[in-house]
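Asks: This is work28.cif, which holds mmCIF, C-alpha atoms and all ligand atoms:
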data_work
loop_
_atom_site.label_atom_id
_atom_site.label_comp_id
_atom_site.auth_asym_id
_atom_site.auth_seq_id
_atom_site.Cartn_x
_atom_site.Cartn_y
_atom_site.Cartn_z
CA MET M 594 -9.09 -127.42 83.62
CA SER M 595 -10.00 -130.97 84.35
CA ARG M 596 -10.97 -133.51 81.76
CA VAL M 597 -13.02 -136.61 82.50
CA TYR M 598 -12.76 -140.09 81.05
CA ASN M 599 -15.56 -139.92 78.51
CA PHE M 600 -17.07 -143.31 77.62
CA SER M 601 -19.76 -141.82 75.35
CA ALA M 602 -20.81 -143.87 72.32
CA GLY M 603 -20.88 -140.74 70.18
CA PRO M 604 -20.06 -137.95 69.81
CA ALA M 605 -17.12 -139.33 71.66
CA VAL M 606 -13.66 -138.78 73.05
CA LEU M 607 -11.04 -137.28 70.72
CA PRO M 608 -7.25 -137.34 71.14
CA GLU M 609 -6.23 -134.58 73.53
CA GLU M 610 -3.27 -133.76 71.34
CA VAL M 611 -5.60 -133.03 68.42
CA LEU M 612 -7.83 -130.78 70.52
CA LYS M 613 -4.82 -128.83 71.77
CA GLU M 614 -3.48 -128.34 68.26
CA ALA M 615 -6.86 -127.17 67.03
CA ALA M 616 -7.07 -124.76 69.96
CA ALA M 617 -3.63 -123.35 69.17
CA GLU M 618 -4.67 -122.82 65.55
CA MET M 619 -8.09 -121.42 66.35
CA LEU M 620 -7.37 -117.75 65.63
CA ASP M 621 -4.66 -118.09 63.03
CA TYR M 622 -4.38 -121.26 60.98
CA ASN M 623 -0.95 -121.67 59.42
CA HIS M 624 -0.32 -117.91 58.97
CA THR M 625 -3.60 -117.31 57.15
CA GLY M 626 -4.72 -114.91 59.89
CA MET M 627 -8.01 -116.74 60.23
CA SER M 628 -9.59 -119.85 61.66
CA VAL M 629 -10.34 -122.84 59.40
CA MET M 630 -13.96 -122.12 60.32
CA GLU M 631 -13.73 -118.76 58.60
CA MET M 632 -11.97 -119.61 55.37
CA SER M 633 -13.34 -120.30 51.91
CA HIS M 634 -13.64 -123.96 51.05
CA ARG M 635 -12.15 -122.95 47.67
CA SER M 636 -9.05 -121.43 49.28
CA LYS M 637 -5.60 -122.89 48.80
CA ALA M 638 -5.29 -123.47 52.54
CA PHE M 639 -8.46 -125.55 52.65
CA GLU M 640 -7.62 -127.40 49.47
CA GLU M 641 -4.44 -128.56 51.17
CA ILE M 642 -6.37 -129.61 54.27
CA ILE M 643 -8.85 -131.80 52.37
CA THR M 644 -6.25 -133.22 49.97
CA GLU M 645 -3.94 -134.19 52.83
CA ALA M 646 -6.82 -135.61 54.85
CA GLU M 647 -7.79 -137.85 51.94
CA GLN M 648 -4.20 -138.95 51.33
CA ASP M 649 -3.60 -139.73 55.01
CA LEU M 650 -6.80 -141.80 55.13
CA ARG M 651 -5.72 -143.62 51.97
CA ASP M 652 -2.35 -144.37 53.57
CA LEU M 653 -3.88 -145.55 56.84
CA MET M 654 -6.43 -147.88 55.22
CA ASN M 655 -4.37 -148.77 52.19
CA ILE M 656 -7.25 -147.70 49.94
CA PRO M 657 -6.73 -148.82 46.32
CA ASP M 658 -6.80 -146.23 43.50
CA ASN M 659 -10.07 -147.55 42.11
CA TYR M 660 -11.93 -146.36 45.23
CA LYS M 661 -13.10 -142.80 45.80
CA VAL M 662 -13.09 -141.18 49.22
CA LEU M 663 -15.98 -138.78 49.78
CA PHE M 664 -16.46 -136.39 52.70
CA LEU M 665 -20.22 -135.87 52.94
CA GLN M 666 -22.89 -134.62 55.33
CA GLY M 667 -26.18 -135.94 56.65
CA GLY M 668 -24.64 -138.37 59.10
CA ALA M 669 -24.52 -142.09 58.70
CA SER M 670 -28.32 -142.02 58.60
CA LEU M 671 -28.50 -140.24 55.24
CA GLN M 672 -26.49 -143.11 53.77
CA PHE M 673 -29.42 -145.39 54.66
CA SER M 674 -31.19 -143.66 51.72
CA MET M 675 -28.24 -142.74 49.51
CA ILE M 676 -27.10 -146.34 49.27
CA PRO M 677 -30.34 -147.75 47.82
CA MET M 678 -30.96 -144.64 45.67
CA ASN M 679 -27.55 -145.00 44.04
CA LEU M 680 -26.97 -148.74 44.07
CA MET M 681 -30.34 -150.46 43.62
CA LYS M 682 -30.09 -150.87 39.85
CA ASN M 683 -32.09 -154.13 39.92
CA GLY M 684 -34.28 -152.82 42.70
CA THR M 685 -33.17 -155.55 45.10
CA ALA M 686 -30.82 -155.65 48.07
CA ASP M 687 -30.12 -158.08 50.92
CA TYR M 688 -29.84 -156.86 54.51
CA ILE M 689 -28.39 -158.58 57.55
CA VAL M 690 -30.06 -157.06 60.58
CA THR M 691 -27.89 -157.12 63.71
CA GLY M 692 -29.14 -154.07 65.56
CA GLN M 693 -31.00 -150.82 65.36
CA TRP M 694 -28.77 -149.20 62.75
CA SER M 695 -28.99 -152.02 60.22
CA LYS M 696 -32.70 -152.31 60.97
CA LYS M 697 -33.19 -148.64 60.15
CA ALA M 698 -31.10 -149.01 56.99
CA PHE M 699 -33.23 -152.01 56.00
CA GLN M 700 -36.48 -150.14 56.62
CA GLU M 701 -35.25 -147.15 54.63
CA ALA M 702 -34.17 -149.30 51.68
CA SER M 703 -37.62 -150.90 51.66
CA LYS M 704 -38.96 -147.53 50.50
CA TYR M 705 -36.93 -147.67 47.32
CA GLY M 706 -37.01 -151.30 46.26
CA LYS M 707 -37.15 -154.87 47.42
CA ALA M 708 -35.07 -155.10 50.57
CA ASN M 709 -34.72 -158.66 51.86
CA LYS M 710 -33.86 -159.38 55.46
CA ILE M 711 -31.69 -162.45 54.87
CA ALA M 712 -30.55 -162.86 58.48
CA SER M 713 -31.22 -161.26 61.85
CA SER M 714 -30.22 -161.58 65.49
CA GLU M 715 -33.28 -159.81 66.81
CA ASP M 716 -34.56 -163.06 68.37
CA LYS M 717 -31.96 -162.65 71.14
CA THR M 718 -31.96 -158.85 71.46
CA PHE M 719 -29.13 -158.55 68.93
CA SER M 720 -26.68 -160.15 71.34
CA TYR M 721 -24.82 -162.07 68.62
CA ILE M 722 -23.82 -162.03 64.97
CA PRO M 723 -25.64 -164.68 62.90
CA ASP M 724 -23.72 -167.30 60.94
CA CYS M 725 -23.22 -165.64 57.56
CA SER M 726 -21.28 -168.35 55.79
CA ASP M 727 -24.14 -169.60 53.62
CA LEU M 728 -27.01 -167.14 53.50
CA PRO M 729 -29.85 -167.13 50.94
CA ILE M 730 -28.32 -164.28 48.89
CA SER M 731 -30.76 -163.11 46.21
CA GLU M 732 -29.79 -163.85 42.61
CA ASP M 733 -30.41 -160.27 41.56
CA ALA M 734 -29.23 -158.51 44.75
CA ASP M 735 -27.45 -155.26 43.94
CA TYR M 736 -25.60 -155.49 47.24
CA VAL M 737 -25.48 -157.15 50.64
CA TYR M 738 -25.65 -154.73 53.56
CA ILE M 739 -24.17 -155.03 57.05
CA CYS M 740 -23.49 -152.86 60.07
CA GLU M 741 -20.04 -154.16 60.96
CA ASN M 742 -19.84 -153.00 64.57
CA ASN M 743 -23.08 -152.64 66.47
CA THR M 744 -22.61 -149.58 68.63
CA ILE M 745 -25.69 -150.13 70.77
CA TYR M 746 -25.42 -153.88 71.37
CA GLY M 747 -21.64 -154.27 71.38
CA THR M 748 -21.21 -156.94 68.72
CA LYS M 749 -18.82 -157.03 65.78
CA TYR M 750 -18.44 -159.24 62.73
CA LYS M 751 -15.20 -161.20 63.16
CA THR M 752 -15.51 -162.57 59.64
CA LEU M 753 -17.33 -160.82 56.83
CA PRO M 754 -20.41 -162.51 55.35
CA ASN M 755 -20.07 -164.72 52.33
CA THR M 756 -21.90 -162.53 49.82
CA LYS M 757 -21.54 -165.10 47.03
CA GLY M 758 -19.97 -162.55 44.76
CA LYS M 759 -22.36 -159.69 45.49
CA THR M 760 -21.12 -156.23 46.47
CA LEU M 761 -20.69 -155.78 50.21
CA VAL M 762 -21.81 -152.47 51.74
CA ALA M 763 -20.78 -151.82 55.35
CA ASP M 764 -21.62 -149.21 57.95
CA VAL M 765 -18.42 -148.99 60.00
CA SER M 766 -19.33 -145.85 61.97
CA SER M 767 -18.25 -147.24 65.33
CA CYS M 768 -15.22 -149.30 64.24
CA PHE M 769 -13.75 -146.94 61.63
CA LEU M 770 -9.93 -147.02 61.84
CA SER M 771 -9.95 -149.25 64.91
CA GLU M 772 -8.02 -152.00 63.09
CA PRO M 773 -6.70 -152.73 59.59
CA VAL M 774 -9.28 -153.63 56.92
CA ASP M 775 -9.03 -155.11 53.45
CA VAL M 776 -10.89 -152.44 51.48
CA THR M 777 -11.03 -154.65 48.37
CA LYS M 778 -13.57 -156.90 50.12
CA TYR M 779 -16.13 -154.08 50.09
CA GLY M 780 -17.99 -152.08 47.47
CA VAL M 781 -18.83 -149.34 49.96
CA ILE M 782 -17.42 -148.66 53.44
CA TYR M 783 -18.95 -145.70 55.20
CA GLY M 784 -19.31 -144.15 58.60
CA GLY M 785 -20.27 -141.09 60.53
CA VAL M 786 -17.03 -139.78 62.03
CA GLN M 787 -18.38 -138.75 65.43
CA LYS M 788 -17.77 -142.19 66.93
CA ASN M 789 -14.12 -142.90 66.31
CA ILE M 790 -12.68 -140.10 64.19
CA GLY M 791 -13.89 -136.54 64.57
CA PRO M 792 -16.70 -134.09 65.24
CA ALA M 793 -20.29 -134.82 64.18
CA GLY M 794 -21.22 -133.44 60.78
CA VAL M 795 -18.96 -135.47 58.52
CA VAL M 796 -19.65 -138.88 57.02
CA ILE M 797 -16.89 -140.59 55.06
CA VAL M 798 -17.84 -142.83 52.14
CA ILE M 799 -15.21 -145.06 50.53
CA ILE M 800 -16.73 -146.41 47.34
CA ARG M 801 -15.49 -148.50 44.43
CA GLU M 802 -15.48 -146.43 41.24
CA ASP M 803 -17.64 -148.76 39.15
CA LEU M 804 -20.48 -148.26 41.65
CA ILE M 805 -20.51 -144.51 40.99
CA THR M 806 -22.80 -143.93 38.02
CA GLU M 807 -25.46 -141.57 36.74
CA ASP M 808 -27.88 -144.47 36.70
CA VAL M 809 -29.63 -143.71 39.99
CA LEU M 810 -33.26 -144.09 41.03
CA PRO M 811 -35.57 -141.50 39.43
CA GLY M 812 -35.97 -138.45 41.63
CA THR M 813 -32.70 -138.91 43.52
CA PRO M 814 -31.77 -135.41 44.71
CA THR M 815 -28.58 -133.97 43.23
CA MET M 816 -27.05 -133.74 46.68
CA MET M 817 -27.62 -137.46 47.19
CA GLN M 818 -25.79 -138.67 44.10
CA TYR M 819 -22.36 -140.13 44.70
CA LYS M 820 -21.29 -139.12 41.19
CA ILE M 821 -21.92 -135.43 41.86
CA HIS M 822 -19.71 -135.51 44.96
CA ALA M 823 -17.06 -137.76 43.41
CA ASP M 824 -16.71 -135.57 40.31
CA ALA M 825 -16.43 -132.45 42.49
CA LYS M 826 -13.94 -134.09 44.91
CA SER M 827 -16.35 -133.52 47.81
CA LEU M 828 -16.54 -129.80 46.98
CA TYR M 829 -19.80 -129.72 45.02
CA ASN M 830 -21.17 -127.44 47.72
CA THR M 831 -19.69 -126.16 50.98
CA PRO M 832 -18.40 -129.24 52.79
CA PRO M 833 -18.28 -129.58 56.61
CA ALA M 834 -14.91 -127.85 56.43
CA TYR M 835 -13.96 -127.57 60.09
CA GLY M 836 -14.96 -131.17 60.73
CA ILE M 837 -12.82 -132.37 57.84
CA TYR M 838 -9.90 -130.39 59.25
CA ILE M 839 -10.22 -132.16 62.62
CA CYS M 840 -10.57 -135.56 60.91
CA GLY M 841 -7.34 -134.75 59.07
CA LYS M 842 -5.61 -134.08 62.36
CA VAL M 843 -6.86 -137.39 63.76
CA PHE M 844 -5.51 -139.21 60.68
CA LYS M 845 -2.11 -137.65 61.31
CA TRP M 846 -2.34 -138.64 64.98
CA LEU M 847 -3.14 -142.23 63.96
CA LYS M 848 -0.18 -142.31 61.59
CA LYS M 849 2.07 -141.00 64.33
CA MET M 850 0.77 -143.66 66.72
CA GLY M 851 1.94 -146.28 64.22
CA GLY M 852 -1.15 -146.86 62.08
CA LEU M 853 -4.02 -149.30 62.29
CA GLU M 854 -2.02 -152.41 63.20
CA VAL M 855 -0.84 -150.62 66.34
CA MET M 856 -4.33 -149.27 67.05
CA LYS M 857 -5.67 -152.80 66.81
CA GLN M 858 -3.17 -154.05 69.40
CA ARG M 859 -3.96 -151.13 71.69
CA ASN M 860 -7.70 -151.64 71.29
CA GLU M 861 -7.41 -155.37 71.96
CA GLU M 862 -5.38 -154.70 75.06
CA LYS M 863 -7.90 -152.16 76.37
CA ALA M 864 -10.89 -154.38 75.61
CA ARG M 865 -9.20 -157.38 77.25
CA ILE M 866 -8.80 -155.49 80.54
CA LEU M 867 -12.53 -154.84 80.64
CA TYR M 868 -13.76 -158.19 79.32
CA ASP M 869 -11.43 -160.16 81.61
CA PHE M 870 -12.90 -158.35 84.56
CA LEU M 871 -16.48 -158.89 83.35
CA ASP M 872 -15.78 -162.62 83.01
CA GLU M 873 -14.62 -162.93 86.61
CA SER M 874 -17.01 -160.44 88.21
CA LYS M 875 -19.77 -161.69 90.48
CA LEU M 876 -21.77 -158.51 90.03
CA PHE M 877 -21.29 -157.37 86.45
CA ASN M 878 -22.09 -159.36 83.32
CA GLY M 879 -21.32 -158.71 79.67
CA THR M 880 -24.46 -158.92 77.55
CA VAL M 881 -23.20 -160.38 74.26
CA GLU M 882 -21.83 -163.69 73.05
CA LYS M 883 -18.11 -163.82 73.68
CA LYS M 884 -17.15 -164.72 70.13
CA ASP M 885 -18.87 -161.60 68.78
CA ARG M 886 -17.62 -159.04 71.29
CA SER M 887 -16.82 -155.58 69.97
CA LEU M 888 -13.48 -153.94 70.77
CA MET M 889 -15.17 -150.55 70.77
CA ASN M 890 -18.50 -150.75 72.63
CA VAL M 891 -18.81 -152.87 75.76
CA PRO M 892 -22.29 -153.20 77.28
CA PHE M 893 -22.70 -154.73 80.73
CA VAL M 894 -25.34 -155.04 83.45
CA THR M 895 -25.70 -155.91 87.12
CA GLY M 896 -29.16 -157.36 86.54
CA ASP M 897 -30.69 -154.79 88.90
CA ALA M 898 -31.83 -151.53 87.31
CA ASP M 899 -31.52 -149.56 90.55
CA LEU M 900 -27.98 -150.77 91.09
CA ASP M 901 -27.14 -149.90 87.47
CA ALA M 902 -28.38 -146.37 88.02
CA LYS M 903 -26.38 -146.10 91.23
CA PHE M 904 -23.27 -147.28 89.38
CA VAL M 905 -23.68 -144.72 86.60
CA LYS M 906 -24.19 -141.93 89.12
CA GLU M 907 -21.22 -142.84 91.30
CA ALA M 908 -18.98 -143.43 88.29
CA LYS M 909 -19.78 -139.93 87.10
CA GLU M 910 -18.82 -138.55 90.48
CA ALA M 911 -15.51 -140.37 90.08
CA GLY M 912 -14.83 -138.73 86.69
CA LEU M 913 -15.99 -141.66 84.56
CA GLU M 914 -18.71 -140.22 82.35
CA ASN M 915 -21.40 -141.37 79.94
CA LEU M 916 -21.53 -144.98 81.07
CA LYS M 917 -25.31 -145.28 80.89
CA GLY M 918 -26.39 -147.95 78.41
CA HIS M 919 -28.59 -147.27 75.42
CA ARG M 920 -32.22 -146.84 76.44
CA THR M 921 -33.21 -150.02 74.54
CA VAL M 922 -30.67 -152.23 76.36
CA GLY M 923 -30.47 -150.62 79.79
CA GLY M 924 -27.51 -151.18 82.08
CA MET M 925 -24.16 -149.71 81.17
CA ARG M 926 -22.03 -149.32 78.07
CA ALA M 927 -18.39 -148.30 77.95
CA SER M 928 -17.29 -147.06 74.54
CA ILE M 929 -13.53 -147.36 74.37
CA TYR M 930 -12.64 -145.88 71.00
CA ASN M 931 -9.13 -145.19 69.66
CA ALA M 932 -8.78 -141.99 71.69
CA MET M 933 -9.64 -143.60 75.04
CA PRO M 934 -6.34 -144.15 76.83
CA LYS M 935 -5.61 -147.49 78.49
CA GLU M 936 -5.47 -145.62 81.77
CA GLY M 937 -9.18 -144.72 81.36
CA VAL M 938 -10.12 -148.40 81.06
CA GLU M 939 -7.93 -149.29 84.05
CA LYS M 940 -9.61 -146.58 86.12
CA LEU M 941 -13.01 -147.89 85.07
CA VAL M 942 -12.17 -151.46 86.06
CA ALA M 943 -10.70 -150.33 89.39
CA PHE M 944 -13.91 -148.41 90.04
CA MET M 945 -16.04 -151.44 89.09
CA LYS M 946 -14.07 -153.64 91.51
CA LYS M 947 -14.60 -151.17 94.31
CA PHE M 948 -18.29 -150.86 93.48
CA GLU M 949 -18.61 -154.64 93.47
CA GLU M 950 -17.03 -154.93 96.91
CA GLU M 951 -19.31 -152.27 98.31
CA ASN M 952 -22.51 -153.53 96.71
CA HIS M 953 -22.25 -157.27 96.28
CA VAL M 954 -24.83 -159.14 98.35
C1 LIG M 1001 -24.28 -143.57 65.41
C2 LIG M 1001 -24.48 -144.56 64.33
C3 LIG M 1001 -25.29 -144.27 63.21
C4 LIG M 1001 -26.07 -142.98 63.08
O1 LIG M 1001 -25.22 -141.95 62.85
P1 LIG M 1001 -25.75 -140.47 62.53
O2 LIG M 1001 -24.50 -139.79 62.09
O3 LIG M 1001 -26.31 -139.92 63.80
O4 LIG M 1001 -26.76 -140.55 61.47
C5 LIG M 1001 -25.39 -145.22 62.23
N1 LIG M 1001 -24.72 -146.38 62.29
C6 LIG M 1001 -23.93 -146.69 63.35
C7 LIG M 1001 -23.22 -147.99 63.37
C8 LIG M 1001 -23.79 -145.78 64.39
O5 LIG M 1001 -23.01 -146.09 65.44
#
Go through the file and emit its structure as structure tokens.
Replies:
Amino acid sequence: MSRVYNFSAGPAVLPEEVLKEAAAEMLDYNHTGMSVMEMSHRSKAFEEIITEAEQDLRDLMNIPDNYKVLFLQGGASLQFSMIPMNLMKNGTADYIVTGQWSKKAFQEASKYGKANKIASSEDKTFSYIPDCSDLPISEDADYVYICENNTIYGTKYKTLPNTKGKTLVADVSSCFLSEPVDVTKYGVIYGGVQKNIGPAGVVIVIIREDLITEDVLPGTPTMMQYKIHADAKSLYNTPPAYGIYICGKVFKWLKKMGGLEVMKQRNEEKARILYDFLDESKLFNGTVEKKDRSLMNVPFVTGDADLDAKFVKEAKEAGLENLKGHRTVGGMRASIYNAMPKEGVEKLVAFMKKFEEENHV
């Protein structure tokens, strides 16, 4: 067996320890004589799995009691519709567009009500986060929407927008559990887990209780109502049970590592190794404004598409995989989520130095 350093943006690297545990429990989970994949979601064994997973997440993020934690399906993308369908009581919402994911969320919301694009960084290919200290927030906005870490472009909000008292809704798919957060600043925090937590197929929604009501847009499907899932404790229908089980293992791994404060330090240290090199390199350049750099997704380019392709190919041969940038940005992107060891980033930088020596003109 040989594992590579996997820099994929998602689905992405998971802690090896978690994968090994899951493998060991594959045929017989905790003396049940069956795999978690095979058991009823109404069984006692699964009830314990989902209850513990929720509690561990609550501990990690310090989630207050007046927030529900929902384990749902449909990916982060289904939330682009669920959010307006459940929250647009006045039919108005404000969107800050900092990349493709918030743009898609904005376009989707426009189907259901008046979605206002109150700020955008599209003028410079989403390479920065706009100043959000004094935005024209709509009087009757039901919420203000952001994508907190932009997976494709590699930017991250370092301070949350001033929403002038309106509910903040955040897509945190690619920065989930990468550092501590103050949950009370948000109405909704959600993310697909396949970036920084677990296998694709689960989306976690952390939502303040007063936002969960029966007053949803007419025609909202039952399966898309937060209240249905909240009342049923995420067991209205068959949940993505195996995925939730793996997420639960990752939560336990994070707790064992020391929690989110420790993850933040580790992530800062890893990102610094890469950014410091990019800042001194004569061949490679980071593509985003320094003040807005993400700790999780690091895009970079040589400025020569052929050389970029050569880099990606040779890196793969050296066991450094999935470094090709998103098709809309080109170049390279290294996603260095929680489960990427520091050693992986050091190997990447060593490889980049060698490549630079061999290819710099
Ligand atoms: C990947 C990603 C999405 C889309 O996730 P799906 O689960 O594929 O729908 C949305 N938002 C962000 C920030 C992402 O990184």
Asks: Write out as JSON lines the residues of chain M that have any atom within 8 Å of an atom of ligand LIG 1001 (chain M), one row each with the nearest atom pair and its distance in Å to one decimal, counting only C-alpha atoms and all ligand atoms, sorted by chain and then rising number.
Replies:
{"residue": "M:Ala602", "atom": "CA", "partner": "M:LIG1001", "partner_atom": "O5", "distance": 7.6}
{"residue": "M:Gly603", "atom": "CA", "partner": "M:LIG1001", "partner_atom": "C1", "distance": 6.5}
{"residue": "M:Gly667", "atom": "CA", "partner": "M:LIG1001", "partner_atom": "O4", "distance": 6.7}
{"residue": "M:Gly668", "atom": "CA", "partner": "M:LIG1001", "partner_atom": "O2", "distance": 3.3}
{"residue": "M:Ala669", "atom": "CA", "partner": "M:LIG1001", "partner_atom": "O4", "distance": 3.9}
{"residue": "M:Ser670", "atom": "CA", "partner": "M:LIG1001", "partner_atom": "O4", "distance": 3.6}
{"residue": "M:Leu671", "atom": "CA", "partner": "M:LIG1001", "partner_atom": "O4", "distance": 6.5}
{"residue": "M:Trp694", "atom": "CA", "partner": "M:LIG1001", "partner_atom": "N1", "distance": 5.0}
{"residue": "M:Ser695", "atom": "CA", "partner": "M:LIG1001", "partner_atom": "N1", "distance": 7.4}
{"residue": "M:Cys740", "atom": "CA", "partner": "M:LIG1001", "partner_atom": "C7", "distance": 5.9}
{"residue": "M:Glu741", "atom": "CA", "partner": "M:LIG1001", "partner_atom": "C7", "distance": 7.3}
{"residue": "M:Asn742", "atom": "CA", "partner": "M:LIG1001", "partner_atom": "C7", "distance": 6.2}
{"residue": "M:Asn743", "atom": "CA", "partner": "M:LIG1001", "partner_atom": "C7", "distance": 5.6}
{"residue": "M:Thr744", "atom": "CA", "partner": "M:LIG1001", "partner_atom": "O5", "distance": 4.7}
{"residue": "M:Ile745", "atom": "CA", "partner": "M:LIG1001", "partner_atom": "O5", "distance": 7.2}
{"residue": "M:Asp764", "atom": "CA", "partner": "M:LIG1001", "partner_atom": "C7", "distance": 5.8}
{"residue": "M:Val765", "atom": "CA", "partner": "M:LIG1001", "partner_atom": "C7", "distance": 5.9}
{"residue": "M:Ser766", "atom": "CA", "partner": "M:LIG1001", "partner_atom": "C7", "distance": 4.7}
{"residue": "M:Ser767", "atom": "CA", "partner": "M:LIG1001", "partner_atom": "O5", "distance": 4.9}
{"residue": "M:Gly784", "atom": "CA", "partner": "M:LIG1001", "partner_atom": "N1", "distance": 6.9}
{"residue": "M:Gly785", "atom": "CA", "partner": "M:LIG1001", "partner_atom": "O2", "distance": 4.7}
{"residue": "M:Val786", "atom": "CA", "partner": "M:LIG1001", "partner_atom": "O2", "distance": 7.5}
{"residue": "M:Gln787", "atom": "CA", "partner": "M:LIG1001", "partner_atom": "O2", "distance": 7.0}
{"residue": "M:Lys788", "atom": "CA", "partner": "M:LIG1001", "partner_atom": "O5", "distance": 6.7}
{"residue": "M:Ala793", "atom": "CA", "partner": "M:LIG1001", "partner_atom": "O2", "distance": 6.8}
{"residue": "M:Gly794", "atom": "CA", "partner": "M:LIG1001", "partner_atom": "O2", "distance": 7.3}
{"residue": "M:Val795", "atom": "CA", "partner": "M:LIG1001", "partner_atom": "O2", "distance": 7.9}
{"residue": "M:Val796", "atom": "CA", "partner": "M:LIG1001", "partner_atom": "O2", "distance": 7.1}
Asks: Since we have the selection now, will you write its residues out, keeping C-alpha atoms, as a compact mmCIF listing (two decimals), keeping the file's coordinate frame?
Replies:
# COMPACT_ATOMS: atom_id res chain seq x y z
CA ALA M 602 -20.81 -143.87 72.32
CA GLY M 603 -20.88 -140.74 70.18
CA GLY M 667 -26.18 -135.94 56.65
CA GLY M 668 -24.64 -138.37 59.10
CA ALA M 669 -24.52 -142.09 58.70
CA SER M 670 -28.32 -142.02 58.60
CA LEU M 671 -28.50 -140.24 55.24
CA TRP M 694 -28.77 -149.20 62.75
CA SER M 695 -28.99 -152.02 60.22
CA CYS M 740 -23.49 -152.86 60.07
CA GLU M 741 -20.04 -154.16 60.96
CA ASN M 742 -19.84 -153.00 64.57
CA ASN M 743 -23.08 -152.64 66.47
CA THR M 744 -22.61 -149.58 68.63
CA ILE M 745 -25.69 -150.13 70.77
CA ASP M 764 -21.62 -149.21 57.95
CA VAL M 765 -18.42 -148.99 60.00
CA SER M 766 -19.33 -145.85 61.97
CA SER M 767 -18.25 -147.24 65.33
CA GLY M 784 -19.31 -144.15 58.60
CA GLY M 785 -20.27 -141.09 60.53
CA VAL M 786 -17.03 -139.78 62.03
CA GLN M 787 -18.38 -138.75 65.43
CA LYS M 788 -17.77 -142.19 66.93
CA ALA M 793 -20.29 -134.82 64.18
CA GLY M 794 -21.22 -133.44 60.78
CA VAL M 795 -18.96 -135.47 58.52
CA VAL M 796 -19.65 -138.88 57.02
Asks: For Glu641 (chain M), which residue out of M:Gly852, M:Ala834, M:Pro934, M:Lys947 is the nearest one, using only C-alpha atoms?
Replies: M:Ala834
Asks: Residues of region 867-901 of chain M within 10 Å of region 750-758 of chain M: nearest atom pair and distance (Å, one decimal) for each, counting only C-alpha atoms, sorted by chain and number, as JSON lines?
Replies:
{"residue": "M:Lys884", "atom": "CA", "partner": "M:Lys751", "partner_atom": "CA", "distance": 8.0}
{"residue": "M:Asp885", "atom": "CA", "partner": "M:Tyr750", "partner_atom": "CA", "distance": 6.5}
{"residue": "M:Arg886", "atom": "CA", "partner": "M:Tyr750", "partner_atom": "CA", "distance": 8.6}
{"residue": "M:Ser887", "atom": "CA", "partner": "M:Tyr750", "partner_atom": "CA", "distance": 8.3}
Asks: My list of candidates is M:Phe904, M:Tyr738, M:Lys935, M:Phe699. Which is closest to Gln858 (chain M) when distances are computed with all atoms listed in the file?
Replies: M:Lys935
Asks: Could you state the separation of CA of Leu665 (chain M) and CA of Asn890 (chain M) in Å, given to one decimal place?
Replies: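 CA of Asn890 (chain M) lies at a distance of 24.7 Å from CA of Leu665 (chain M).
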Asks: Quick one: pull the distance between CA of Met933 (chain M) and CA of Val843 (chain M), Å, one decimal.
Replies: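 Answer for the CA of Met933 (chain M) to CA of Val843 (chain M) separation: 13.2 Å.
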Asks: Could you give me, as a ChimeraX atom specification, the residues within 10 Å of region 595-601 of chain M, counting all atoms listed in the file and dropping anything in the same chain fewer than 5 positions from it?
Replies: /M:606-607,609,788,890-891,909,911-918,926-930,932-934,936-938,940-941
Asks: Residues as selected, C-alpha atoms, written as a PDB file, in the frame of the given file, can you do that?
Replies:
ATOM      1  CA  VAL M 606     -13.660-138.780  73.050  1.00  0.00           C
ATOM      2  CA  LEU M 607     -11.040-137.280  70.720  1.00  0.00           C
ATOM      3  CA  GLU M 609      -6.230-134.580  73.530  1.00  0.00           C
ATOM      4  CA  LYS M 788     -17.770-142.190  66.930  1.00  0.00           C
ATOM      5  CA  ASN M 890     -18.500-150.750  72.630  1.00  0.00           C
ATOM      6  CA  VAL M 891     -18.810-152.870  75.760  1.00  0.00           C
ATOM      7  CA  LYS M 909     -19.780-139.930  87.100  1.00  0.00           C
ATOM      8  CA  ALA M 911     -15.510-140.370  90.080  1.00  0.00           C
ATOM      9  CA  GLY M 912     -14.830-138.730  86.690  1.00  0.00           C
ATOM     10  CA  LEU M 913     -15.990-141.660  84.560  1.00  0.00           C
ATOM     11  CA  GLU M 914     -18.710-140.220  82.350  1.00  0.00           C
ATOM     12  CA  ASN M 915     -21.400-141.370  79.940  1.00  0.00           C
ATOM     13  CA  LEU M 916     -21.530-144.980  81.070  1.00  0.00           C
ATOM     14  CA  LYS M 917     -25.310-145.280  80.890  1.00  0.00           C
ATOM     15  CA  GLY M 918     -26.390-147.950  78.410  1.00  0.00           C
ATOM     16  CA  ARG M 926     -22.030-149.320  78.070  1.00  0.00           C
ATOM     17  CA  ALA M 927     -18.390-148.300  77.950  1.00  0.00           C
ATOM     18  CA  SER M 928     -17.290-147.060  74.540  1.00  0.00           C
ATOM     19  CA  ILE M 929     -13.530-147.360  74.370  1.00  0.00           C
ATOM     20  CA  TYR M 930     -12.640-145.880  71.000  1.00  0.00           C
ATOM     21  CA  ALA M 932      -8.780-141.990  71.690  1.00  0.00           C
ATOM     22  CA  MET M 933      -9.640-143.600  75.040  1.00  0.00           C
ATOM     23  CA  PRO M 934      -6.340-144.150  76.830  1.00  0.00           C
ATOM     24  CA  GLU M 936      -5.470-145.620  81.770  1.00  0.00           C
ATOM     25  CA  GLY M 937      -9.180-144.720  81.360  1.00  0.00           C
ATOM     26  CA  VAL M 938     -10.120-148.400  81.060  1.00  0.00           C
ATOM     27  CA  LYS M 940      -9.610-146.580  86.120  1.00  0.00           C
ATOM     28  CA  LEU M 941     -13.010-147.890  85.070  1.00  0.00           C
TER      29      LEU M 941
END
